[in-house]
Amino acid sequence: MIAQLLFAILLVFAGWLFYKNSSKIYRNIRLGRSVNRFDSPAERTKTMLLVAFGQKKMFKRPIPALLHLFVYLGFVIINIEMLEIVIDGVIGTHRVFAFMGGFYNFLIYSFEWLALSVFTACAIFLIRRNILRVKRLNQKELNNWPKTDANLILVAEILVMAAFLLMNASDHKLQGLGAEHYTVAGSFPVSQYLTGILPSDVGTLMVMERFFWWFHIIGVLAFLNYLPISKHLHILLAFPNTYFSNLKHKGQFDNMPSVTAEVKAMLDPSLPPPDGEVSRFGVKDVHDLTWKNLLDAYTCTECGRCTASCPANITGKLLSPRKIMMDTRDRLTAVGKNMDRNKGEFIDDEQSLIDTHITREEIWACTTCNACVEACPVNIDPLQIIMGLRQYAIMEESKGPSSINNMLGNLENNGAPWKYAQADRANWTNS
């Protein structure tokens with residue numbers, strides 16, 4: 001009864017903590033401006049199934065995609081067994097689903113091979129990051145915590161899978177020794193080879209089996225509560241993020257409604273002037289982004305496919321689309337902590353997304369080619385954030401590179417980006 005009570009307390013506490021931290025993330029996302037992403041549910045569902053569930057875009061890089069698929073399937077499917085563990089922990093049973101007989105054996109058989117695949121894939125990922133040092137996984141924006149975060153989660157997954165297999169190995173050996181309460185059930189194609197390293201004393205084996213059982217469940221619950229402070233939150237957010245993807249053509253830019261209304265009123269005096277005052281043109285801080293931009297920031301996996309595809313970054317410029325998303329998430333997290341300290345109200349901290357987190361050199365290095373958007377495996381759109389920051393710099397501050405200012409001046413005076421008058425534009429044909 002004491003073990004059951006401790007398990008119930010642990011389960012409730014872990015659930016409450018996850019709810020509390022998830023609520024803060026939901027609140028932070030809702031700080032963004034409204035945008036309609038609830039149209040075309042059939043097309044959105046199809047996108048989510050293909051991109052998030054099917055991992056369609058991952059397979060542009062087949063080897064890491066296959067390894068990721070092992071981790072994805074293994075971790076999701078193996079955790080079906082969590083249902084049995086939870087029931088066993090609450091009511092004090094052991095392998096409560098063993099009555100399913102052959103089907104139960106098939107499940108455990110499958111779980112073991114999947115656990116081995118997760119273990120192997122995570123070990124290879126650690127080698128790729130820390131020994132082979134794949135370039136996109138070792139760029140400067142990943143120094144310090146981001147690199148530690150990635151390594152921590154890989155090590156944690158290895159330990160959780162090892163605990164699962166050792167738990168099964170202990171259980172399998174106890175079944176063979178006829179230990180009390182250890183009903184013969186399950187099929188153990190992987191863990192059967194680990195029984196040789198375990199002791200033959202029933203008492204010691206029971207202690208080890210319980211230790212690995214507790215290690216496994218505590219590891220999973222700790223992993224659950226690590227997600228809200230980790231890039232691995234994408235495990236949960238990839239699905240809504242792909243569902244709410246931008247379904248328009250990637251090259252299509254939206255006009256600012258307030259500017260459009262003003263121009264229409266100027267061109268057609270019969271139209272009424274736009275109502276209300278525009279609070280801001282473009283994006284200065286995270287409050288000016290849409291909720292979808294903020295969801296993008298929390299969904300970013302920091303995989304670097306966007307940065308590896310960015311022509312500006314490839315040619316040595318400062319821009320890294322991955323860093324744009326990481327900086328946005330960092331700023332949003334800081335805003336959320338500010339609100340926590342001030343009873344839900346944001347108090348100006350004299351910081352902003354532009355300048356404090358993202359530099360002007362970064363935003364003007366972008367060629368707007370959409371390579372980052374195309375490369376992202378979960379349909380994140382860094383370009384929208386970059387364009388919003390550019391709009392603020394030009395329309396609110398009148399601060400832009402000289403080349404941009406010259407181009408805008410030519411558009412105003414000549415109706416084209418070039419410095420020539422419209423009447424002289426075809427003179428080159430006479431040369």
# chains A, B, ... in the order shown; residues from 1 in each chain; ligands from 1
$ residues_around --residues "range 168-180 of chain A" --least-positions-apart "2" --cutoff "10 Å" --atoms "only C-alpha atoms" --output "tab-separated table (two decimals) with N, CA, C and O atoms, in the first residue's frame"
chain	number	residue	atom	x	y	z
A	108	ILE	N	4.84	-7.16	-26.18
A	108	ILE	CA	6.13	-7.06	-25.49
A	108	ILE	C	7.27	-7.35	-26.47
A	108	ILE	O	8.32	-6.68	-26.43
A	112	GLU	N	10.19	-4.54	-27.30
A	112	GLU	CA	11.62	-4.77	-27.06
A	112	GLU	C	12.46	-4.40	-28.29
A	112	GLU	O	13.51	-3.76	-28.15
A	162	ALA	N	17.21	1.59	-21.63
A	162	ALA	CA	18.02	0.57	-20.96
A	162	ALA	C	17.29	0.05	-19.72
A	162	ALA	O	17.28	-1.16	-19.45
A	163	ALA	N	16.64	0.96	-18.99
A	163	ALA	CA	15.88	0.55	-17.80
A	163	ALA	C	14.72	-0.36	-18.19
A	163	ALA	O	14.42	-1.35	-17.50
A	164	PHE	N	14.07	-0.05	-19.31
A	164	PHE	CA	12.96	-0.87	-19.79
A	164	PHE	C	13.42	-2.29	-20.11
A	164	PHE	O	12.79	-3.28	-19.70
A	165	LEU	N	14.54	-2.40	-20.81
A	165	LEU	CA	15.05	-3.72	-21.19
A	165	LEU	C	15.56	-4.50	-19.97
A	165	LEU	O	15.34	-5.71	-19.86
A	166	LEU	N	16.23	-3.82	-19.04
A	166	LEU	CA	16.72	-4.49	-17.84
A	166	LEU	C	15.56	-4.90	-16.92
A	166	LEU	O	15.63	-5.93	-16.25
A	182	TYR	N	5.21	-13.41	-10.14
A	182	TYR	CA	5.78	-13.18	-11.46
A	182	TYR	C	5.24	-14.23	-12.43
A	182	TYR	O	5.88	-15.23	-12.73
A	183	THR	N	4.02	-13.97	-12.91
A	183	THR	CA	3.35	-14.88	-13.83
A	183	THR	C	4.11	-14.96	-15.14
A	183	THR	O	4.61	-13.95	-15.65
A	184	VAL	N	4.20	-16.15	-15.70
A	184	VAL	CA	4.87	-16.31	-17.00
A	184	VAL	C	4.04	-15.61	-18.07
A	184	VAL	O	2.92	-16.02	-18.38
A	185	ALA	N	4.58	-14.52	-18.60
A	185	ALA	CA	3.87	-13.73	-19.62
A	185	ALA	C	4.87	-12.88	-20.37
A	185	ALA	O	5.88	-12.44	-19.82
A	186	GLY	N	4.61	-12.65	-21.64
A	186	GLY	CA	5.47	-11.81	-22.45
A	186	GLY	C	6.48	-12.60	-23.25
A	186	GLY	O	6.76	-13.77	-22.97
A	187	SER	N	7.03	-11.93	-24.26
A	187	SER	CA	8.07	-12.52	-25.09
A	187	SER	C	9.23	-11.54	-25.11
A	187	SER	O	9.02	-10.35	-25.34
A	188	PHE	N	10.45	-12.01	-24.87
A	188	PHE	CA	11.58	-11.12	-24.60
A	188	PHE	C	12.75	-11.40	-25.55
A	188	PHE	O	13.77	-11.97	-25.14
A	189	PRO	N	12.62	-11.00	-26.83
A	189	PRO	CA	13.65	-11.33	-27.82
A	189	PRO	C	14.98	-10.61	-27.60
A	189	PRO	O	16.02	-11.08	-28.04
A	190	VAL	N	14.97	-9.45	-26.93
A	190	VAL	CA	16.19	-8.69	-26.69
A	190	VAL	C	16.68	-8.88	-25.26
A	190	VAL	O	17.84	-9.24	-25.03
A	191	SER	N	15.79	-8.67	-24.29
A	191	SER	CA	16.22	-8.71	-22.88
A	191	SER	C	16.62	-10.10	-22.41
A	191	SER	O	17.31	-10.23	-21.40
A	192	GLN	N	16.21	-11.14	-23.14
A	192	GLN	CA	16.62	-12.50	-22.74
A	192	GLN	C	18.14	-12.67	-22.76
A	192	GLN	O	18.71	-13.48	-22.02
A	193	TYR	N	18.81	-11.86	-23.59
A	193	TYR	CA	20.26	-11.94	-23.67
A	193	TYR	C	20.95	-11.14	-22.57
A	193	TYR	O	22.18	-11.16	-22.46
A	194	LEU	N	20.16	-10.40	-21.77
A	194	LEU	CA	20.73	-9.64	-20.66
A	194	LEU	C	20.63	-10.39	-19.34
A	194	LEU	O	21.18	-9.96	-18.34
A	195	THR	N	19.89	-11.50	-19.34
A	195	THR	CA	19.69	-12.23	-18.09
A	195	THR	C	20.98	-12.79	-17.52
A	195	THR	O	21.12	-12.97	-16.31
A	196	GLY	N	21.96	-13.05	-18.39
A	196	GLY	CA	23.22	-13.60	-17.93
A	196	GLY	C	24.01	-12.68	-17.02
A	196	GLY	O	24.83	-13.13	-16.23
A	197	ILE	N	23.81	-11.38	-17.15
A	197	ILE	CA	24.54	-10.42	-16.31
A	197	ILE	C	23.83	-10.16	-14.99
A	197	ILE	O	24.33	-9.40	-14.16
A	198	LEU	N	22.65	-10.76	-14.82
A	198	LEU	CA	21.87	-10.54	-13.61
A	198	LEU	C	22.11	-11.66	-12.61
A	198	LEU	O	22.40	-12.81	-13.00
A	199	PRO	N	21.98	-11.37	-11.31
A	199	PRO	CA	22.17	-12.43	-10.29
A	199	PRO	C	21.05	-13.46	-10.33
A	199	PRO	O	19.98	-13.20	-10.88
A	200	SER	N	21.30	-14.61	-9.73
A	200	SER	CA	20.31	-15.69	-9.71
A	200	SER	C	19.51	-15.72	-8.41
A	200	SER	O	18.55	-16.49	-8.29
A	201	ASP	N	19.88	-14.88	-7.44
A	201	ASP	CA	19.16	-14.84	-6.17
A	201	ASP	C	17.82	-14.15	-6.37
A	201	ASP	O	17.77	-13.01	-6.88
A	202	VAL	N	16.73	-14.81	-5.99
A	202	VAL	CA	15.38	-14.29	-6.23
A	202	VAL	C	15.17	-12.95	-5.53
A	202	VAL	O	14.64	-11.99	-6.10
A	203	GLY	N	15.61	-12.86	-4.26
A	203	GLY	CA	15.42	-11.61	-3.51
A	203	GLY	C	16.11	-10.43	-4.17
A	203	GLY	O	15.54	-9.35	-4.33
A	204	THR	N	17.37	-10.65	-4.55
A	204	THR	CA	18.13	-9.58	-5.22
A	204	THR	C	17.49	-9.21	-6.55
A	204	THR	O	17.40	-8.03	-6.91
A	205	LEU	N	17.06	-10.22	-7.31
A	205	LEU	CA	16.42	-9.97	-8.60
A	205	LEU	C	15.14	-9.15	-8.46
A	205	LEU	O	14.87	-8.26	-9.27
A	206	MET	N	14.36	-9.44	-7.42
A	206	MET	CA	13.11	-8.71	-7.20
A	206	MET	C	13.40	-7.24	-6.91
A	206	MET	O	12.70	-6.34	-7.40
A	207	VAL	N	14.45	-7.01	-6.10
A	207	VAL	CA	14.84	-5.62	-5.81
A	207	VAL	C	15.26	-4.92	-7.10
A	207	VAL	O	14.88	-3.77	-7.37
A	208	MET	N	16.05	-5.60	-7.93
A	208	MET	CA	16.51	-5.01	-9.19
A	208	MET	C	15.35	-4.75	-10.14
A	208	MET	O	15.27	-3.69	-10.78
A	209	GLU	N	14.42	-5.69	-10.22
A	209	GLU	CA	13.26	-5.52	-11.11
A	209	GLU	C	12.45	-4.30	-10.69
A	209	GLU	O	12.04	-3.50	-11.53
A	210	ARG	N	12.23	-4.15	-9.38
A	210	ARG	CA	11.48	-2.99	-8.88
A	210	ARG	C	12.25	-1.70	-9.12
A	210	ARG	O	11.66	-0.66	-9.44
A	212	PHE	N	14.42	-1.02	-11.58
A	212	PHE	CA	14.32	-0.65	-12.99
A	212	PHE	C	12.90	-0.20	-13.35
A	212	PHE	O	12.71	0.69	-14.18
A	213	TRP	N	11.89	-0.81	-12.70
A	213	TRP	CA	10.50	-0.40	-12.93
A	213	TRP	C	10.30	1.04	-12.50
A	213	TRP	O	9.75	1.85	-13.24
$ closest_residue --among "A:Ile394, A:Leu116, A:Ile131, A:Ile2" --to "Ile91 in chain A" --atoms "only C-alpha atoms"
A:Ile2
$ residues_around --residues "Leu247 in chain A" --least-positions-apart "5" --cutoff "9 Å" --atoms "only C-alpha atoms" --output "count of residues only"
4
$ closest_residue --among "A:Phe223, A:Phe239, A:Phe211, A:Tyr298" --to "Gly54 in chain A" --atoms "only C-alpha atoms"
A:Phe239
$ atom_distance --atom1 "CA of Thr368 in chain A" --atom2 "CA of Ala150 in chain A"
29.2 Å
$ closest_atom_pairs --of "range 122-193 of chain A" --to "range 311-327 of chain A" --cutoff "12 Å" --atoms "only C-alpha atoms" --output "tab-separated table"
residue	atom	partner	partner_atom	distance
A:Lys135	CA	A:Ile314	CA	11.4
A:Arg136	CA	A:Arg322	CA	10.0
A:Leu137	CA	A:Arg322	CA	11.0
A:Gln139	CA	A:Ser320	CA	9.6
A:Lys140	CA	A:Lys323	CA	9.4
A:Glu141	CA	A:Lys323	CA	6.2
A:Leu142	CA	A:Lys323	CA	8.7
A:Asn143	CA	A:Lys323	CA	11.5
A:Trp145	CA	A:Met326	CA	11.7
A:Pro146	CA	A:Met326	CA	9.4
$ select_by_dssp --residues "range 27-87 of chain A" --states "helix (DSSP H, G or I)" --output "ChimeraX atom specification"
/A:27-29,41-53,56-60,62-78,81-87
